[in-house]
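To keep things clear, I will list the structure first and then write my remarks on it.
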Amino acid sequence: MAAVSFRLLSFLCCLSIIIISQASAQTNCDNDKGNYTINSTYHSNLNTLLSNFSSHTDIYYGFYNFSYGQDPDKVYAIGLCRGDQNPDQCLKCLNESRVSLADECPNQKEAINWRGECMLRYSNRSIFGRMENQPTSRIVYLKNVTGSVDEFNDVLESLMRNLSSTAASGDSRRKYATGSKPAPDFQTTYGYTQCTPDLSSEDCTTCLGEAISDIPNYFNGKAGGNVLKPSCRIRFDPYSYYGPTLKLDPDASPTMTNNTSSSQGKGNTSRIIIAIVVPVASVVLVLILFCIYLRARKSRKQNESEKREDNNEDEISFAESLQFDFDTIRVATNEFADCNKIGQGGFGAVYRGQLSNGQEIAVKRLSRDSGQGDMEFKNEVLLVAKLQHRNLVRLLGFCLEGTERLLVYEFVPNKSLDYFIFDPIKKAQLDWQRRYKIIGGIARGLLYLHEDSRLRIIHRDLKASNILLDEEMHPKISDFGMARLVHMDQTQENTSRIVGTYGYMAPEYAIYGQFSAKSDVFSFGVLVLEIISGHKNSGVRRGENVEDLLCFAWRNWRDGTTTNIVDPTLTDGLRNEIMRCIHIGLLCVQENVAARPTMASVALMLNSYSLTLPVPSEPAFVGDGRTRSLPDMQSSSEHNSRQTIESANQSAQNSVNEASITELYPR
């Protein structure tokens with residue numbers, strides 16, 4: 001049992017940080033192959049070809065290779081999906097790639113876009129049946145292998161070579177393979193290989209072999225990575241990321257023709273024999289198939305039952321590995337001494353502590369009227385503990401004993417962002433380089449919650465006091481006490497329990513109770529403007545006048561005096577970079593929900609200066625130079641009490657490590 005717990009804990013800790021997000025698309029625009037103009041014949045042929053993929057309903061195996069038009073404006077395109085994607089998922093991914101290519105490669109005649117689930121490329125030359133290794137894109141995990149690197153490399157090479165051989169043996173519909181193999185130090189490595197099915201087996205083997213040969217040079221000692229090529233791709237990870245491979249229909253067998261007899265008598269005899277044998281054989285075949293079905297069904301039910309039991313045992317083992325003894329926490333916090341108290345939030349007090357091994361921790365002691373039962377509390381902890389990202393505060397464990405409910409977090413020493421950014425003296429410690437890194441880190445953390453984790457989570461209370469800073473001033477999002485889980489394909493949800501902090505809440509949420517990932521985007525935009533200006537969103541003082549931050553920022557943007565928004569202490573920043581961040585912040589706080597970018601788009605905007613930003617529209621709650629007041633809302637008592645707590649003047653002390661647990665709601 002201890003070995004299983006350790007292995008699960010290691011598995012979760014291996015959800016490593018990636019240099020380039022797995023969810024983000026990788027695009028290469030080839031300027032050497034020529035350009036086209038908008039509304040030209042080539043442009044029209046390209047749009048027609050790519051938009052017609054969905055019309056090929058006979059293709060269910062995830063591989064599209066078509067051409068359209070006449071030379072010199074003929075377009076060739078290849079679309080390839082991972083083997084676990086059904087036709088709807090495949091076409092959705094390819095359509096997203098088509099949109100990305102139109103935005104990022106607006107006039108290149110040859111381009112390619114890789115995503116986690118698919119690849120789309122097009123060209124003005126024939127690309128069918130040709131092995132092409134360039135351009136190559138490599139994505140490297142920062143997480144290092146634990147244990148012996150040489151042993152891990154041997155296991156990885158063996159796995160990838162076997163998968164390469166399996167993929168190359170596929171047919172003209174699919175050349176794809178996935179698998180896993182135990183690695184040293186209780187690790188498991190998962191891999192997949194894939195070629196475009198129009199390659200020969202030899203070309204597929206060669207392409208995958210060259211991709212695998214990159215591992216020692218670019219990924220040595222790393223727990224995961226990707227090599228992306230036009231004709232093939234490989235990936236290995238410390239966790240499972242693919243689903244079961246969809247089965248292909250077997251190839252139709254050749255039709256058989258019957259020889260006619262020259263003898264009428266023989267013909268009659270043959271017909272009689274056929275009339276008797278065929279029905280009998282059909283009945284026998286049906287009975288055999290029925291018996292096979294019953295046997296397979298019984299075996300499948302037995303396997304599912306065993307799998308459920310194993311999963312339950314795994315969850316129990318994982319829960320046991322996270323549980324702390326109450327006496328251990330009591331000693332670590334010196335009997336919850338007041339001198340160790342570093343925060344007080346709406347759900348309880350936060351104490352600083354030190355375990356016997358010297359590790360510093362932050363302990364949240366939940367109030368007894370938090371309203372959760374023991375089972376709900378345990379389930380909650382298991383969910384939050386599985387969120388692992390460098391820009392999220394990490395939950396180390398919990399304690400449940402009697403009426404005591406404790407949450408144990410990593411200790412973050414530099415308090416919270418509001419402690420620095422709103423203090424006229426301490427804000428000088430945050431130069432533009434640090435502020436820009438903080439903005440980028442918050443964006444990556446939100447992107448992980450919205451799209452990259454196995455759960456889609458909407459935070460609902462993103463604000464400066466919930467952004468903690470570690471010893472190197474890296475941001476960590478905390479306080480998941482009001483977060484909500486939603487379906488991965490769900491875009492919006494309603495609630496009558498309006499929780500959060502005014503000033504950061506999106507208008508559709510504050511007024512109508514409608515929240516989505518775009519609600520967090522709004523809060524992020526407010527936070528960006530606060531970080532750049534050094535002012536709270538509640539008001540910017542100019543002499544005797546106090547103006548709402550969004551109104552102030554929009555007025556200066558509209559009047560061409562954007563530099564007035566920038567904190568005067570920022571004398572070292574790149575002006576264009578600061579102006580671009582203000583632009584992104586205003587895009588995030590637009591009143592129109594659909595006009596706000598996703599966090600994936602925000603991350604791209606922050607990292608790609610070649611991307612042209614749209615013009616922002618008027619922010620929410622802005623009108624005639626004043627802040628609009630929110631209508632009276634009859635919400636739950638939790639909302640009213642939370643609003644009182646959050647609207648109070650929070651000191652730096654009570655915002656440190658103010659992290660809580662996620663509130664679960666039915667999906």
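All residue names refer to the structure tokens as shown: chains lettered A, B, ... in order, residues numbered from 1 in each chain, ligands numbered from 1 in order.
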Write down as a PyMOL selection string the residues belonging to region 374-447 of chain A that are assigned strand (DSSP E or B) by DSSP computed on the backbone. chain A and resi 392+395-401+404-410+416
Hey, what's within 6 Å of region 129-137 of chain A if we count only C-alpha atoms and toss same-chain stuff fewer than 3 positions away? As a ChimeraX atom specification, please? /A:198-199,227-231
Let me see the file: selected residues, N, CA and C atoms, as a short mmCIF file (atom, residue, chain, number, x, y, z; two decimals), in the first residue's frame.
data_model
loop_
_atom_site.label_atom_id
_atom_site.label_comp_id
_atom_site.auth_asym_id
_atom_site.auth_seq_id
_atom_site.Cartn_x
_atom_site.Cartn_y
_atom_site.Cartn_z
N ASP A 198 0.13 8.43 -45.62
CA ASP A 198 0.50 8.31 -47.02
C ASP A 198 1.98 7.97 -47.20
N LEU A 199 2.74 7.88 -46.09
CA LEU A 199 4.15 7.47 -46.17
C LEU A 199 4.24 5.95 -46.29
N VAL A 227 8.61 16.11 -30.32
CA VAL A 227 9.30 16.46 -31.55
C VAL A 227 8.25 16.46 -32.66
N LEU A 228 8.07 17.61 -33.28
CA LEU A 228 7.01 17.79 -34.28
C LEU A 228 7.64 18.02 -35.65
N LYS A 229 7.31 17.18 -36.61
CA LYS A 229 7.79 17.30 -37.99
C LYS A 229 6.59 17.25 -38.93
N PRO A 230 6.74 17.73 -40.16
CA PRO A 230 5.61 17.70 -41.08
C PRO A 230 5.07 16.30 -41.35
N SER A 231 5.97 15.29 -41.39
CA SER A 231 5.54 13.94 -41.76
C SER A 231 5.37 13.01 -40.58
#
Pairwise distance for CA of Asp470 (chain A) and CA of Phe411 (chain A), rounded to one decimal in Å: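 Going from CA of Asp470 (chain A) over to CA of Phe411 (chain A) covers 8.5 Å.
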Find the residues of region 384-453 of chain A that sit at most 10 Å from region 564-582 of chain A; for each, write down the nearest two atoms and how far apart they are in Å, to one decimal. Count only C-alpha atoms. Sort by chain, then by number going up, and give it as a tab-separated table.
residue	atom	partner	partner_atom	distance
A:Ile421	CA	A:Asp567	CA	9.8
A:Pro424	CA	A:Thr569	CA	9.3
A:Ile425	CA	A:Thr569	CA	9.9
A:Lys427	CA	A:Thr569	CA	7.9
A:Ala428	CA	A:Thr569	CA	6.4
A:Gln429	CA	A:Thr569	CA	9.7
A:Leu430	CA	A:Leu570	CA	8.6
A:Asp431	CA	A:Leu570	CA	6.2
A:Trp432	CA	A:Gly573	CA	5.0
A:Gln433	CA	A:Gly573	CA	7.0
A:Arg435	CA	A:Gly573	CA	9.7
A:Tyr436	CA	A:Ile578	CA	8.4
A:Ile439	CA	A:Cys581	CA	8.8
Take the residues that were just selected and, keeping N, CA and C atoms, output them as a PDB file, in the first residue's frame.
ATOM      1  N   ILE A 421       2.285  46.280  -4.429  1.00  0.00           N
ATOM      2  CA  ILE A 421       1.884  47.120  -5.555  1.00  0.00           C
ATOM      3  C   ILE A 421       1.138  48.374  -5.124  1.00  0.00           C
ATOM      4  N   PRO A 424       3.174  52.883  -1.415  1.00  0.00           N
ATOM      5  CA  PRO A 424       3.989  53.889  -2.128  1.00  0.00           C
ATOM      6  C   PRO A 424       5.490  53.669  -1.985  1.00  0.00           C
ATOM      7  N   ILE A 425       5.933  52.980  -0.930  1.00  0.00           N
ATOM      8  CA  ILE A 425       7.357  52.729  -0.737  1.00  0.00           C
ATOM      9  C   ILE A 425       7.757  51.386  -1.339  1.00  0.00           C
ATOM     10  N   LYS A 427       6.335  49.517  -3.558  1.00  0.00           N
ATOM     11  CA  LYS A 427       6.124  49.278  -4.984  1.00  0.00           C
ATOM     12  C   LYS A 427       7.399  49.496  -5.803  1.00  0.00           C
ATOM     13  N   ALA A 428       8.335  50.254  -5.229  1.00  0.00           N
ATOM     14  CA  ALA A 428       9.597  50.493  -5.932  1.00  0.00           C
ATOM     15  C   ALA A 428      10.404  49.205  -6.091  1.00  0.00           C
ATOM     16  N   GLN A 429      10.115  48.177  -5.256  1.00  0.00           N
ATOM     17  CA  GLN A 429      10.808  46.895  -5.380  1.00  0.00           C
ATOM     18  C   GLN A 429      10.363  46.125  -6.620  1.00  0.00           C
ATOM     19  N   LEU A 430       9.223  46.523  -7.171  1.00  0.00           N
ATOM     20  CA  LEU A 430       8.705  45.847  -8.361  1.00  0.00           C
ATOM     21  C   LEU A 430       8.975  46.716  -9.587  1.00  0.00           C
ATOM     22  N   ASP A 431      10.148  46.513 -10.203  1.00  0.00           N
ATOM     23  CA  ASP A 431      10.439  47.229 -11.437  1.00  0.00           C
ATOM     24  C   ASP A 431       9.602  46.624 -12.573  1.00  0.00           C
ATOM     25  N   TRP A 432       9.710  47.183 -13.772  1.00  0.00           N
ATOM     26  CA  TRP A 432       8.853  46.699 -14.848  1.00  0.00           C
ATOM     27  C   TRP A 432       9.142  45.246 -15.207  1.00  0.00           C
ATOM     28  N   GLN A 433      10.413  44.847 -15.174  1.00  0.00           N
ATOM     29  CA  GLN A 433      10.741  43.472 -15.522  1.00  0.00           C
ATOM     30  C   GLN A 433      10.026  42.490 -14.597  1.00  0.00           C
ATOM     31  N   ARG A 435       7.280  43.150 -12.799  1.00  0.00           N
ATOM     32  CA  ARG A 435       5.830  43.244 -12.996  1.00  0.00           C
ATOM     33  C   ARG A 435       5.410  42.483 -14.245  1.00  0.00           C
ATOM     34  N   TYR A 436       6.211  42.561 -15.289  1.00  0.00           N
ATOM     35  CA  TYR A 436       5.883  41.863 -16.536  1.00  0.00           C
ATOM     36  C   TYR A 436       5.911  40.350 -16.317  1.00  0.00           C
ATOM     37  N   ILE A 439       2.740  39.400 -14.445  1.00  0.00           N
ATOM     38  CA  ILE A 439       1.585  39.348 -15.354  1.00  0.00           C
ATOM     39  C   ILE A 439       1.600  38.046 -16.158  1.00  0.00           C
TER      40      ILE A 439
END
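Among the candidates A:Ser44, A:Ser299, A:Ser165, A:Asn144, the residue lying nearest to Leu208 (chain A) is A:Ser165 (atoms considered: only C-alpha atoms).
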Can you tell me, as a compact mmCIF listing (two decimals) with C-alpha atoms, in the first residue's frame, what residues are no more than 8 Å from Cys29 (chain A) when counting only C-alpha atoms, ignoring any on the same chain fewer than 6 positions away?
# COMPACT_ATOMS: atom_id res chain seq x y z
CA GLU A 104 -0.71 33.83 -37.95
CA CYS A 105 0.17 33.12 -41.59
CA GLN A 108 2.14 32.55 -46.85
CA GLU A 110 3.03 27.16 -47.22
CA ALA A 111 2.36 26.82 -43.50
CA ILE A 112 1.87 24.20 -40.80
Best match for closeness to Pro507 (chain A) among A:Val593, A:Ile584, A:Val350, A:Leu322, counting only C-alpha atoms: A:Val593
Glu618 (chain A) surroundings by only C-alpha atoms, 12 Å radius, close-in-sequence under 3 positions cut, as a VMD selection string: chain A and resid 550 to 555 557 to 558 585 to 593 595 to 596 615 621 to 625
Store the residues picked out above in a file with C-alpha atoms, as a short mmCIF file (atom, residue, chain, number, x, y, z; two decimals), in the first residue's frame.
data_model
loop_
_atom_site.label_atom_id
_atom_site.label_comp_id
_atom_site.auth_asym_id
_atom_site.auth_seq_id
_atom_site.Cartn_x
_atom_site.Cartn_y
_atom_site.Cartn_z
CA LEU A 550 -11.26 51.36 -15.52
CA CYS A 551 -12.79 54.74 -16.30
CA PHE A 552 -9.43 56.43 -15.79
CA ALA A 553 -7.61 53.95 -18.04
CA TRP A 554 -10.25 54.10 -20.79
CA ARG A 555 -10.39 57.91 -20.80
CA TRP A 557 -6.54 55.47 -23.84
CA ARG A 558 -9.29 57.21 -25.78
CA GLY A 585 -5.73 44.72 -20.09
CA LEU A 586 -8.37 46.86 -21.82
CA LEU A 587 -9.24 43.98 -24.17
CA CYS A 588 -9.85 41.78 -21.13
CA VAL A 589 -12.25 44.21 -19.40
CA GLN A 590 -14.51 44.86 -22.38
CA GLU A 591 -18.20 44.80 -21.52
CA ASN A 592 -18.95 42.46 -24.43
CA VAL A 593 -18.12 38.95 -23.14
CA ALA A 595 -15.04 40.30 -27.44
CA ARG A 596 -12.78 39.41 -24.50
CA VAL A 615 -8.98 47.71 -30.91
CA PHE A 621 -19.19 49.87 -15.74
CA VAL A 622 -17.79 52.95 -17.56
CA GLY A 623 -20.06 55.79 -18.59
CA ASP A 624 -19.76 59.59 -18.68
CA GLY A 625 -16.53 59.48 -16.70
#
Near Asp249 (chain A), counting only C-alpha atoms, which residues have an atom at most 12 Å away, once you skip same-chain residues fewer than 3 positions from it, shown as a ChimeraX atom specification? /A:58-61,171,173-174,246,252-253
Would you export the selected residues with C-alpha atoms as a PDB file, in the first residue's frame, please?
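Saved result, result-v6.pdb, follows:
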ATOM      1  CA  ASP A  58     -16.755   8.888 -45.351  1.00  0.00           C
ATOM      2  CA  ILE A  59     -13.460   9.684 -43.606  1.00  0.00           C
ATOM      3  CA  TYR A  60     -13.631   8.425 -40.021  1.00  0.00           C
ATOM      4  CA  TYR A  61      -9.962   7.640 -39.435  1.00  0.00           C
ATOM      5  CA  ASP A 171      -2.030   0.914 -43.260  1.00  0.00           C
ATOM      6  CA  ARG A 173      -5.525   5.056 -43.101  1.00  0.00           C
ATOM      7  CA  ARG A 174      -3.500   5.267 -39.906  1.00  0.00           C
ATOM      8  CA  LEU A 246     -10.426   4.267 -32.036  1.00  0.00           C
ATOM      9  CA  ALA A 252     -13.414  -5.256 -47.159  1.00  0.00           C
ATOM     10  CA  SER A 253     -12.528  -8.709 -48.454  1.00  0.00           C
TER      11      SER A 253
END
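Among the candidate residues A:Ser100, A:Tyr190, A:Thr206, A:Ala77, the one lying nearest to Trp114 (chain A) is A:Ser100, with distances computed using only C-alpha atoms.
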Using only C-alpha atoms, find the one residue out of A:Phe290, A:Tyr141, A:Tyr241, A:Phe63 that sits nearest to Lys222 (chain A).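 Nearest candidate to Lys222 (chain A) out of A:Phe290, A:Tyr141, A:Tyr241, A:Phe63: A:Tyr141.
Counting only C-alpha atoms and comparing A:Pro413, A:Gly147, A:Gly397, A:Gly116, the residue that lies closest to Gly83 (chain A) is A:Gly116.
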Can you list, as number ranges by chain, every protein, DNA or RNA residue that comes within 12 Å of Tyr122 (chain A) when you count only C-alpha atoms, leaving out same-chain residues fewer than 5 positions away? A: 28-30, 33, 42-43, 45-47, 49-50, 64-68, 74-80, 97-98, 101-102, 105, 108-113, 127-128, 230
Counting only C-alpha atoms, what is within 9 Å of Tyr504 (chain A), bar same-chain residues fewer than 4 positions away, as a VMD selection string? chain A and resid 461 to 463 500 520 522 to 527 537
Could you tell me which of A:Ser158, A:Ser213, A:Asn391, A:Ser169 comes closest to Gly191 (chain A) if we count only C-alpha atoms?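 For Gly191 (chain A), the nearest of the given residues is A:Ser158.
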